[in-house]
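Asks: So here's model_25.json, just JSON, C-alpha atoms and all ligand atoms:
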```
[["chain", "number", "residue", "atom", "x", "y", "z"],
["A", 1, "MET", "CA", 14.31, -11.44, -33.86],
["A", 2, "GLU", "CA", 12.93, -9.98, -30.70],
["A", 3, "ILE", "CA", 10.10, -7.50, -30.69],
["A", 4, "LEU", "CA", 11.15, -4.51, -28.62],
["A", 5, "THR", "CA", 9.38, -1.20, -28.68],
["A", 6, "LYS", "CA", 7.44, -0.95, -31.88],
["A", 7, "PHE", "CA", 7.47, 1.88, -34.37],
["A", 8, "LYS", "CA", 4.74, 4.48, -34.06],
["A", 9, "ASN", "CA", 5.25, 6.36, -37.31],
["A", 10, "LEU", "CA", 7.03, 6.11, -40.64],
["A", 11, "ALA", "CA", 10.27, 7.66, -39.36],
["A", 12, "GLU", "CA", 10.46, 5.10, -36.54],
["A", 13, "LEU", "CA", 9.64, 2.29, -38.94],
["A", 14, "THR", "CA", 12.68, 3.12, -41.05],
["A", 15, "THR", "CA", 14.86, 2.99, -37.92],
["A", 16, "TYR", "CA", 13.22, -0.21, -36.70],
["A", 17, "PHE", "CA", 13.91, -1.86, -40.06],
["A", 18, "PRO", "CA", 17.40, -0.65, -41.07],
["A", 19, "ASP", "CA", 17.67, -3.05, -44.03],
["A", 20, "ASP", "CA", 15.90, -5.69, -46.11],
["A", 21, "GLN", "CA", 17.18, -8.51, -43.89],
["A", 22, "SER", "CA", 15.54, -7.09, -40.76],
["A", 23, "CYS", "CA", 12.28, -6.87, -42.73],
["A", 24, "ARG", "CA", 12.66, -10.46, -43.84],
["A", 25, "GLU", "CA", 13.14, -11.65, -40.25],
["A", 26, "TYR", "CA", 10.08, -9.71, -39.15],
["A", 27, "LEU", "CA", 8.02, -11.15, -41.99],
["A", 28, "GLU", "CA", 9.15, -14.66, -40.99],
["A", 29, "LEU", "CA", 8.04, -13.94, -37.45],
["A", 30, "MET", "CA", 4.62, -12.66, -38.55],
["A", 31, "ARG", "CA", 3.94, -15.45, -41.04],
["A", 32, "TRP", "CA", 5.57, -18.43, -39.35],
["A", 33, "ASN", "CA", 5.92, -17.51, -35.69],
["A", 34, "GLY", "CA", 9.12, -19.55, -35.31],
["A", 35, "ALA", "CA", 8.28, -22.60, -37.44],
["A", 36, "PRO", "CA", 9.07, -22.17, -41.16],
["A", 37, "SER", "CA", 6.10, -23.51, -43.10],
["A", 38, "CYS", "CA", 6.82, -25.07, -46.49],
["A", 39, "PRO", "CA", 4.68, -23.35, -49.16],
["A", 40, "HIS", "CA", 4.76, -26.55, -51.24],
["A", 41, "CYS", "CA", 3.54, -29.13, -48.71],
["A", 42, "SER", "CA", 2.85, -27.16, -45.46],
["A", 43, "ASN", "CA", 5.41, -29.22, -43.52],
["A", 44, "GLU", "CA", 6.91, -27.25, -40.63],
["A", 45, "GLN", "CA", 10.41, -28.66, -40.52],
["A", 46, "ALA", "CA", 13.11, -27.22, -42.72],
["A", 47, "TYR", "CA", 16.87, -26.72, -42.98],
["A", 48, "LYS", "CA", 17.99, -23.11, -43.02],
["A", 49, "PHE", "CA", 20.72, -22.06, -45.45],
["A", 50, "ALA", "CA", 23.57, -19.77, -44.53],
["A", 51, "ASP", "CA", 22.32, -17.00, -46.83],
["A", 52, "GLY", "CA", 19.84, -16.00, -44.11],
["A", 53, "LYS", "CA", 16.75, -16.42, -46.26],
["A", 54, "SER", "CA", 16.54, -19.83, -47.98],
["A", 55, "TYR", "CA", 15.07, -23.00, -46.48],
["A", 56, "LYS", "CA", 14.85, -26.59, -47.64],
["A", 57, "CYS", "CA", 11.81, -28.61, -46.59],
["A", 58, "LYS", "CA", 12.65, -31.80, -44.70],
["A", 59, "ALA", "CA", 9.60, -33.54, -46.18],
["A", 60, "CYS", "CA", 9.34, -32.58, -49.85],
["A", 61, "ARG", "CA", 12.97, -31.43, -50.17],
["A", 62, "LYS", "CA", 11.98, -28.29, -52.05],
["A", 63, "LYS", "CA", 13.61, -24.94, -51.42],
["A", 64, "PHE", "CA", 11.68, -21.86, -50.36],
["A", 65, "THR", "CA", 11.88, -18.46, -48.71],
["A", 66, "VAL", "CA", 9.30, -16.57, -46.66],
["A", 67, "THR", "CA", 8.15, -14.59, -49.70],
["A", 68, "VAL", "CA", 7.19, -17.60, -51.86],
["A", 69, "GLY", "CA", 3.45, -17.52, -52.58],
["A", 70, "THR", "CA", 3.02, -14.03, -51.11],
["A", 71, "ILE", "CA", 2.47, -10.57, -52.53],
["A", 72, "PHE", "CA", 6.25, -10.06, -52.14],
["A", 73, "GLU", "CA", 7.24, -12.89, -54.46],
["A", 74, "ASP", "CA", 9.42, -11.99, -57.45],
["A", 75, "THR", "CA", 9.36, -8.24, -57.15],
["A", 76, "HIS", "CA", 12.37, -6.08, -57.80],
["A", 77, "VAL", "CA", 11.48, -3.73, -54.99],
["A", 78, "GLY", "CA", 13.31, -4.46, -51.73],
["A", 79, "LEU", "CA", 11.37, -5.49, -48.63],
["A", 80, "ARG", "CA", 12.24, -2.31, -46.77],
["A", 81, "LYS", "CA", 10.52, -0.22, -49.45],
["A", 82, "TRP", "CA", 7.61, -2.64, -49.43],
["A", 83, "PHE", "CA", 7.28, -2.13, -45.68],
["A", 84, "MET", "CA", 7.26, 1.63, -46.09],
["A", 85, "ALA", "CA", 4.63, 1.32, -48.83],
["A", 86, "ILE", "CA", 2.43, -0.90, -46.66],
["A", 87, "TYR", "CA", 2.74, 1.43, -43.70],
["A", 88, "ILE", "CA", 1.91, 4.51, -45.75],
["A", 89, "PHE", "CA", -0.95, 2.83, -47.59],
["A", 90, "THR", "CA", -2.58, 1.24, -44.54],
["A", 91, "SER", "CA", -2.28, 4.36, -42.40],
["A", 92, "HIS", "CA", -3.48, 6.98, -44.91],
["A", 93, "LYS", "CA", -7.21, 7.40, -44.44],
["A", 94, "LYS", "CA", -7.85, 8.22, -48.08],
["A", 95, "GLY", "CA", -5.35, 6.00, -49.89],
["A", 96, "ILE", "CA", -2.43, 7.20, -51.99],
["A", 97, "SER", "CA", -1.85, 7.46, -55.73],
["A", 98, "SER", "CA", 0.91, 5.44, -57.39],
["A", 99, "VAL", "CA", 2.50, 8.71, -58.54],
["A", 100, "GLN", "CA", 2.73, 9.96, -54.97],
["A", 101, "LEU", "CA", 3.86, 6.65, -53.48],
["A", 102, "GLY", "CA", 6.55, 6.31, -56.17],
["A", 103, "LYS", "CA", 7.93, 9.73, -55.21],
["A", 104, "ASP", "CA", 7.68, 9.07, -51.48],
["A", 105, "ILE", "CA", 9.69, 5.86, -51.45],
["A", 106, "GLY", "CA", 11.81, 6.30, -54.58],
["A", 107, "ILE", "CA", 10.44, 3.77, -57.06],
["A", 108, "THR", "CA", 8.81, 4.23, -60.47],
["A", 109, "GLN", "CA", 5.09, 4.97, -60.78],
["A", 110, "LYS", "CA", 4.69, 1.66, -62.59],
["A", 111, "SER", "CA", 6.28, -0.29, -59.71],
["A", 112, "ALA", "CA", 4.24, 1.68, -57.18],
["A", 113, "TRP", "CA", 1.05, 0.90, -59.11],
["A", 114, "HIS", "CA", 1.86, -2.78, -58.99],
["A", 115, "LEU", "CA", 2.73, -2.69, -55.29],
["A", 116, "LEU", "CA", -0.53, -0.95, -54.44],
["A", 117, "HIS", "CA", -2.58, -3.52, -56.33],
["A", 118, "ARG", "CA", -0.78, -6.37, -54.61],
["A", 119, "ILE", "CA", -1.43, -4.78, -51.23],
["A", 120, "ARG", "CA", -5.12, -4.34, -52.13],
["A", 121, "HIS", "CA", -5.15, -8.00, -53.08],
["A", 122, "ALA", "CA", -3.91, -8.86, -49.58],
["A", 123, "PHE", "CA", -6.62, -6.63, -48.05],
["A", 124, "GLY", "CA", -9.11, -8.94, -49.77],
["A", 125, "ILE", "CA", -7.95, -11.91, -47.69],
["A", 126, "THR", "CA", -9.31, -10.28, -44.54],
["A", 127, "GLU", "CA", -12.76, -9.52, -45.95],
["A", 128, "PRO", "CA", -15.62, -10.82, -43.78],
["A", 129, "GLU", "CA", -17.21, -14.04, -44.99],
["A", 130, "THR", "CA", -20.54, -13.39, -43.38],
["A", 131, "LEU", "CA", -22.33, -10.37, -41.98],
["A", 132, "GLU", "CA", -25.03, -10.49, -39.33],
["A", 133, "GLY", "CA", -27.24, -8.44, -37.03],
["A", 134, "GLU", "CA", -28.55, -5.19, -38.50],
["A", 135, "VAL", "CA", -27.26, -4.96, -42.05],
["A", 136, "GLU", "CA", -27.78, -2.07, -44.44],
["A", 137, "ILE", "CA", -27.67, -2.97, -48.13],
["A", 138, "ASP", "CA", -27.49, -0.65, -51.12],
["A", 139, "GLU", "CA", -25.98, -0.41, -54.56],
["A", 140, "THR", "CA", -24.21, 2.46, -56.29],
["A", 141, "TYR", "CA", -22.62, 3.18, -59.67],
["A", 142, "ILE", "CA", -19.03, 4.11, -60.34],
["A", 143, "GLY", "CA", -16.93, 5.24, -63.29],
["A", 144, "GLY", "CA", -17.31, 5.54, -67.03],
["A", 145, "LYS", "CA", -18.84, 8.07, -69.35],
["A", 146, "ALA", "CA", -21.09, 6.17, -71.71],
["A", 147, "LYS", "CA", -21.02, 8.83, -74.41],
["A", 148, "ASN", "CA", -17.33, 8.21, -75.12],
["A", 149, "MET", "CA", -17.72, 4.49, -75.47],
["A", 150, "HIS", "CA", -18.04, 2.29, -78.48],
["A", 151, "LYS", "CA", -21.67, 1.48, -79.18],
["A", 152, "LYS", "CA", -21.36, -2.22, -78.45],
["A", 153, "ALA", "CA", -19.50, -1.81, -75.19],
["A", 154, "ARG", "CA", -21.97, 0.88, -74.25],
["A", 155, "ALA", "CA", -24.99, -1.30, -74.85],
["A", 156, "LYS", "CA", -23.40, -3.95, -72.69],
["A", 157, "LYS", "CA", -22.60, -1.58, -69.87],
["A", 158, "VAL", "CA", -25.71, 0.54, -69.84],
["A", 159, "GLN", "CA", -28.11, -1.74, -68.08],
["A", 160, "GLY", "CA", -29.61, -1.96, -64.68],
["A", 161, "ARG", "CA", -30.68, 0.91, -62.57],
["A", 162, "GLY", "CA", -30.15, 4.27, -64.27],
["A", 163, "ALA", "CA", -26.47, 3.53, -64.62],
["A", 164, "SER", "CA", -25.26, 4.97, -67.91],
["A", 165, "GLY", "CA", -21.85, 3.48, -68.53],
["A", 166, "LYS", "CA", -21.10, 2.98, -64.91],
["A", 167, "THR", "CA", -20.33, -0.20, -63.02],
["A", 168, "ALA", "CA", -22.75, -1.30, -60.36],
["A", 169, "VAL", "CA", -21.32, -1.93, -56.91],
["A", 170, "LEU", "CA", -23.18, -3.70, -54.13],
["A", 171, "GLY", "CA", -22.48, -2.86, -50.50],
["A", 172, "MET", "CA", -23.56, -4.50, -47.26],
["A", 173, "VAL", "CA", -22.63, -3.10, -43.87],
["A", 174, "GLU", "CA", -23.37, -4.15, -40.31],
["A", 175, "ARG", "CA", -24.38, -1.15, -38.23],
["A", 176, "ASN", "CA", -21.30, -0.34, -36.14],
["A", 177, "GLY", "CA", -19.60, -3.37, -37.68],
["A", 178, "ARG", "CA", -17.98, -4.76, -40.77],
["A", 179, "ILE", "CA", -18.52, -4.03, -44.42],
["A", 180, "TYR", "CA", -18.38, -5.98, -47.67],
["A", 181, "VAL", "CA", -18.45, -4.24, -51.05],
["A", 182, "LYS", "CA", -18.13, -5.70, -54.53],
["A", 183, "PRO", "CA", -18.86, -4.81, -58.14],
["A", 184, "VAL", "CA", -21.72, -6.79, -59.70],
["A", 185, "ASP", "CA", -22.52, -7.60, -63.35],
["A", 186, "SER", "CA", -26.12, -6.64, -63.05],
["A", 187, "THR", "CA", -28.58, -5.11, -60.63],
["A", 188, "ASN", "CA", -31.38, -7.54, -61.33],
["A", 189, "ALA", "CA", -33.07, -9.34, -58.45],
["A", 190, "LYS", "CA", -31.38, -12.66, -59.18],
["A", 191, "THR", "CA", -27.84, -11.26, -59.00],
["A", 192, "LEU", "CA", -28.32, -8.95, -56.02],
["A", 193, "GLN", "CA", -30.26, -11.45, -53.96],
["A", 194, "SER", "CA", -27.84, -14.30, -54.52],
["A", 195, "GLU", "CA", -24.97, -12.02, -53.41],
["A", 196, "ILE", "CA", -26.93, -11.02, -50.32],
["A", 197, "ARG", "CA", -27.90, -14.59, -49.43],
["A", 198, "GLU", "CA", -24.31, -15.69, -49.79],
["A", 199, "ARG", "CA", -22.94, -12.98, -47.52],
["A", 200, "VAL", "CA", -25.62, -12.07, -44.97],
["A", 201, "GLU", "CA", -26.54, -14.57, -42.27],
["A", 202, "GLU", "CA", -30.10, -15.85, -42.59],
["A", 203, "GLY", "CA", -32.48, -14.27, -40.09],
["A", 204, "SER", "CA", -30.59, -10.96, -39.92],
["A", 205, "GLN", "CA", -32.41, -7.65, -39.94],
["A", 206, "ILE", "CA", -31.76, -5.98, -43.30],
["A", 207, "PHE", "CA", -32.48, -2.45, -44.47],
["A", 208, "THR", "CA", -32.67, -1.39, -48.12],
["A", 209, "ASP", "CA", -34.41, 1.26, -50.16],
["A", 210, "GLU", "CA", -37.49, 0.45, -52.24],
["A", 211, "PHE", "CA", -35.58, -0.73, -55.35],
["A", 212, "PRO", "CA", -37.66, -3.64, -56.75],
["A", 213, "ALA", "CA", -34.63, -5.97, -57.06],
["A", 214, "TYR", "CA", -34.63, -6.27, -53.25],
["A", 215, "ARG", "CA", -38.20, -7.57, -53.16],
["A", 216, "GLY", "CA", -38.43, -11.21, -52.18],
["A", 217, "LEU", "CA", -35.84, -11.28, -49.41],
["A", 218, "GLU", "CA", -38.55, -11.35, -46.71],
["A", 219, "GLY", "CA", -38.54, -15.13, -46.58],
["A", 220, "ASP", "CA", -34.96, -15.25, -45.28],
["A", 221, "TYR", "CA", -34.61, -11.93, -43.48],
["A", 222, "ALA", "CA", -36.47, -9.37, -41.46],
["A", 223, "HIS", "CA", -36.57, -6.76, -44.23],
["A", 224, "ASP", "CA", -37.44, -3.09, -43.81],
["A", 225, "THR", "CA", -37.36, -0.59, -46.66],
["A", 226, "ILE", "CA", -36.99, 3.15, -46.71],
["A", 227, "ASN", "CA", -38.89, 4.99, -49.44],
["A", 228, "HIS", "CA", -36.41, 7.44, -50.97],
["A", 229, "SER", "CA", -38.70, 8.30, -53.87],
["A", 230, "VAL", "CA", -41.04, 10.21, -51.61],
["A", 231, "GLY", "CA", -38.17, 12.10, -49.99],
["A", 232, "ASN", "CA", -38.04, 9.87, -46.97],
["A", 233, "TYR", "CA", -34.48, 9.22, -45.83],
["A", 234, "VAL", "CA", -34.79, 8.24, -42.21],
["A", 235, "ASN", "CA", -37.77, 6.60, -40.56],
["A", 236, "GLY", "CA", -36.73, 5.70, -37.03],
["A", 237, "ILE", "CA", -34.24, 2.86, -37.29],
["A", 238, "ILE", "CA", -35.19, 2.28, -40.93],
["A", 239, "HIS", "CA", -32.49, 3.99, -42.98],
["A", 240, "THR", "CA", -29.39, 3.22, -45.04],
["A", 241, "ASN", "CA", -27.18, 6.03, -43.73],
["A", 242, "ALA", "CA", -24.16, 3.84, -42.93],
["A", 243, "ILE", "CA", -23.82, 2.38, -46.42],
["A", 244, "GLU", "CA", -24.52, 5.77, -47.98],
["A", 245, "SER", "CA", -21.69, 7.42, -46.05],
["A", 246, "HIS", "CA", -19.42, 4.64, -47.23],
["A", 247, "TRP", "CA", -20.41, 5.42, -50.82],
["A", 248, "SER", "CA", -19.37, 9.03, -50.42],
["A", 249, "LEU", "CA", -15.98, 7.98, -48.96],
["A", 250, "LEU", "CA", -15.43, 5.47, -51.74],
["A", 251, "LYS", "CA", -16.34, 7.93, -54.45],
["A", 252, "ARG", "CA", -14.29, 10.75, -52.99],
["A", 253, "GLY", "CA", -11.34, 8.34, -52.84],
["A", 254, "ILE", "CA", -11.76, 7.01, -56.34],
["A", 255, "TYR", "CA", -12.42, 10.34, -58.04],
["A", 256, "GLY", "CA", -10.22, 12.48, -55.80],
["A", 257, "ILE", "CA", -7.13, 10.31, -55.29],
["A", 258, "TYR", "CA", -7.21, 7.83, -58.14],
["A", 259, "HIS", "CA", -9.05, 10.00, -60.69],
["A", 260, "GLN", "CA", -10.12, 7.06, -62.79],
["A", 261, "VAL", "CA", -10.46, 3.39, -62.16],
["A", 262, "SER", "CA", -11.12, 0.84, -64.86],
["A", 263, "GLU", "CA", -13.87, -1.70, -64.35],
["A", 264, "LYS", "CA", -11.28, -4.46, -64.32],
["A", 265, "HIS", "CA", -9.58, -3.15, -61.18],
["A", 266, "LEU", "CA", -12.61, -1.66, -59.43],
["A", 267, "HIS", "CA", -13.07, -4.62, -57.08],
["A", 268, "ARG", "CA", -9.63, -3.99, -55.56],
["A", 269, "TYR", "CA", -10.49, -0.36, -54.80],
["A", 270, "CYS", "CA", -13.73, -1.54, -53.20],
["A", 271, "THR", "CA", -11.65, -3.93, -51.10],
["A", 272, "GLU", "CA", -9.21, -1.15, -50.16],
["A", 273, "PHE", "CA", -11.93, 1.09, -48.75],
["A", 274, "GLY", "CA", -13.60, -1.91, -47.11],
["A", 275, "PHE", "CA", -10.31, -2.76, -45.36],
["A", 276, "ARG", "CA", -10.08, 0.79, -43.99],
["A", 277, "HIS", "CA", -13.60, 0.56, -42.66],
["A", 278, "ASN", "CA", -13.07, -2.88, -41.14],
["A", 279, "THR", "CA", -9.81, -1.90, -39.41],
["A", 280, "ARG", "CA", -10.91, 1.61, -38.38],
["A", 281, "LYS", "CA", -10.51, 0.77, -34.70],
["A", 282, "SER", "CA", -7.02, -0.76, -35.10],
["A", 283, "SER", "CA", -3.77, 1.10, -34.57],
["A", 284, "GLU", "CA", -1.43, 1.76, -37.50],
["A", 285, "VAL", "CA", 0.94, -0.95, -36.28],
["A", 286, "ASP", "CA", -1.86, -3.51, -35.94],
["A", 287, "ARG", "CA", -3.02, -2.79, -39.46],
["A", 288, "PHE", "CA", 0.55, -3.16, -40.69],
["A", 289, "ASP", "CA", 1.03, -6.47, -38.85],
["A", 290, "SER", "CA", -2.27, -7.87, -40.01],
["A", 291, "LEU", "CA", -1.34, -7.13, -43.61],
["A", 292, "LEU", "CA", 1.93, -9.07, -43.20],
["A", 293, "THR", "CA", 0.07, -11.97, -41.61],
["A", 294, "PHE", "CA", -2.33, -12.12, -44.55],
["A", 295, "CYS", "CA", 0.07, -11.49, -47.41],
["A", 296, "ASP", "CA", -0.59, -14.78, -49.19],
["A", 297, "GLY", "CA", -1.33, -14.83, -52.86],
["A", 298, "ARG", "CA", 0.85, -13.16, -55.42],
["A", 299, "LEU", "CA", -0.72, -11.10, -58.12],
["A", 300, "MET", "CA", 1.35, -11.14, -61.28],
["A", 301, "TYR", "CA", 2.01, -7.93, -63.14],
["A", 302, "LYS", "CA", 0.99, -9.57, -66.40],
["A", 303, "THR", "CA", -2.37, -10.52, -64.87],
["A", 304, "LEU", "CA", -2.86, -6.96, -63.74],
["A", 305, "ILE", "CA", -2.17, -5.39, -67.11],
["A", 306, "SER", "CA", -3.79, -7.97, -69.37],
["A", 307, "LYS", "CA", -6.61, -6.95, -71.71],
["A", 308, "LYS", "CA", -5.74, -3.40, -72.56],
["A", 309, "SER", "CA", -6.21, -2.01, -69.10],
["A", 310, "LYS", "CA", -4.64, 1.37, -68.66],
["A", 311, "LEU", "CA", -2.30, 2.37, -65.89],
["A", 312, "GLU", "CA", -4.14, 4.48, -63.40],
["A", 313, "ALA", "CA", -2.80, 7.16, -61.16],
["A", 401, "ZN", "ZN", 7.61, -29.25, -48.34]]
```
Let me see the structure of the file written as structure tokens.
Replies:
Amino acid sequence: MEILTKFKNLAELTTYFPDDQSCREYLELMRWNGAPSCPHCSNEQAYKFADGKSYKCKACRKKFTVTVGTIFEDTHVGLRKWFMAIYIFTSHKKGISSVQLGKDIGITQKSAWHLLHRIRHAFGITEPETLEGEVEIDETYIGGKAKNMHKKARAKKVQGRGASGKTAVLGMVERNGRIYVKPVDSTNAKTLQSEIRERVEEGSQIFTDEFPAYRGLEGDYAHDTINHSVGNYVNGIIHTNAIESHWSLLKRGIYGIYHQVSEKHLHRYCTEFGFRHNTRKSSEVDRFDSLLTFCDGRLMYKTLISKKSKLEA
């Protein structure tokens, strides 16, 4: 398939991809770039079947299609609807609820919920492995009302820094650069500092507030702290404004669009808003293409719904 003029909006996308087969060919182009790669043994030579989608590996002799091992594997939703969902989801600045997406593309809320989580899963593949330069670090707390919880669960959750029933989330952002955000089990020094050391390049300049759990990073980083407790929010270059504005975006998204998010799925919402930040300078089409390039890793519906998690909006 030849790439001619690309789509610039959802209406053009539906013209550009008139059916599932055109989507399949495009996906093959994005993932394989002309050489079908066997998902079983990575060999790049295969026989193509006449059905237009199946291949047989010349090395291991196993059959495959372009969707094996990807977020598109074994779903009942056609690729054309998937493409619309990806376009809508990656181009909306604030995300979209499964109720709304279901209505927009004509699938059930349950299917839309699953699609969105699989797409978030793919966002995770593009997360930065290391951050460097000037990095702001902070933690925040999301979700839950402790008073409605069972005593035991509540005791387990209510720990760390003034976080009644909420889940702690750690964020690290390069000034004018990339971000990495993830939920953490605890906000003690051991947990936070091992996350930071794993993600932030040694020798970087880091900025935090005066929270004691950040004490002790001076050995590996140039570390400046801002003292929020005395009403000091900016002291020259010493501030955490970038990570704090991300917190307000994330919270507005989670409470405003998704209404509630269970702890079990919170990391995927963190990834979703991180992806938006990290691709903020890309065009809609580039974001769409990059998602197709990094669509590896299926996420089974039964994994998503295991352990009494509730379906969220
Ligand atoms: Zn093979």
Asks: Give me the residues near Thr140 in chain A as a list in words, where near means some atom within 7 Å (using all atoms listed in the file) and where sequence neighbours in that chain fewer than 4 positions away do not count.
Replies: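 Here the answer would be Ala168, Val169 and Leu170 of chain A.
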Asks: Given a cut-off of 7 Å, what residues near ligand ZN 401 (chain A) show up using all atoms listed in the file, put as a list in words?
Replies: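 Sorted by chain and then by number, the residues are Cys38, Pro39, His40, Cys41, Ser42, Asn43, Cys57, Lys58, Ala59, Cys60, Arg61 and Lys62 of chain A.
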Asks: Using all atoms listed in the file, can you tell me which of A:Gly34, A:Gly177, A:Gly106, A:Gly133 comes closest to Gly78 in chain A?
Replies: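 Smallest distance to Gly78 in chain A is found for A:Gly106.
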Asks: What's the separation between CA of Gly256 in chain A and CA of Leu13 in chain A, in Å to one decimal place?
Replies: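 About the pair CA of Gly256 in chain A and CA of Leu13 in chain A: they are 28.0 Å apart.
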Asks: How close does each residue of range 74-184 of chain A get to range 205-208 of chain A, giving the shortest atom pair and distance in Å to one decimal for every residue with an atom at most 9 Å away, counting all atoms listed in the file, sorted by chain and residue number, as CSV?
Replies:
```
residue,atom,partner,partner_atom,distance
A:Glu132,CA,A:Gln205,CA,7.9
A:Gly133,CA,A:Gln205,CA,6.0
A:Glu134,CA,A:Gln205,CA,4.8
A:Val135,CA,A:Ile206,CA,4.8
A:Glu136,CA,A:Phe207,CA,4.7
A:Ile137,CA,A:Thr208,CA,5.2
A:Asp138,CA,A:Thr208,CA,6.0
```
Asks: Ranking A:Val68, A:Asn278, A:Phe83, A:Phe294 by minimum distance to Thr15 in chain A and counting only C-alpha atoms, which one comes first?
Replies: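 Result for the nearest residue to Thr15 in chain A: A:Phe83.
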Asks: Extract, using all atoms listed in the file, all DNA, RNA and protein residues at most 7 Å from Tyr55 in chain A, discarding same-chain residues fewer than 2 positions from it, and format them as a VMD selection string.
Replies: chain A and resid 46 to 49 53 57 63 to 65
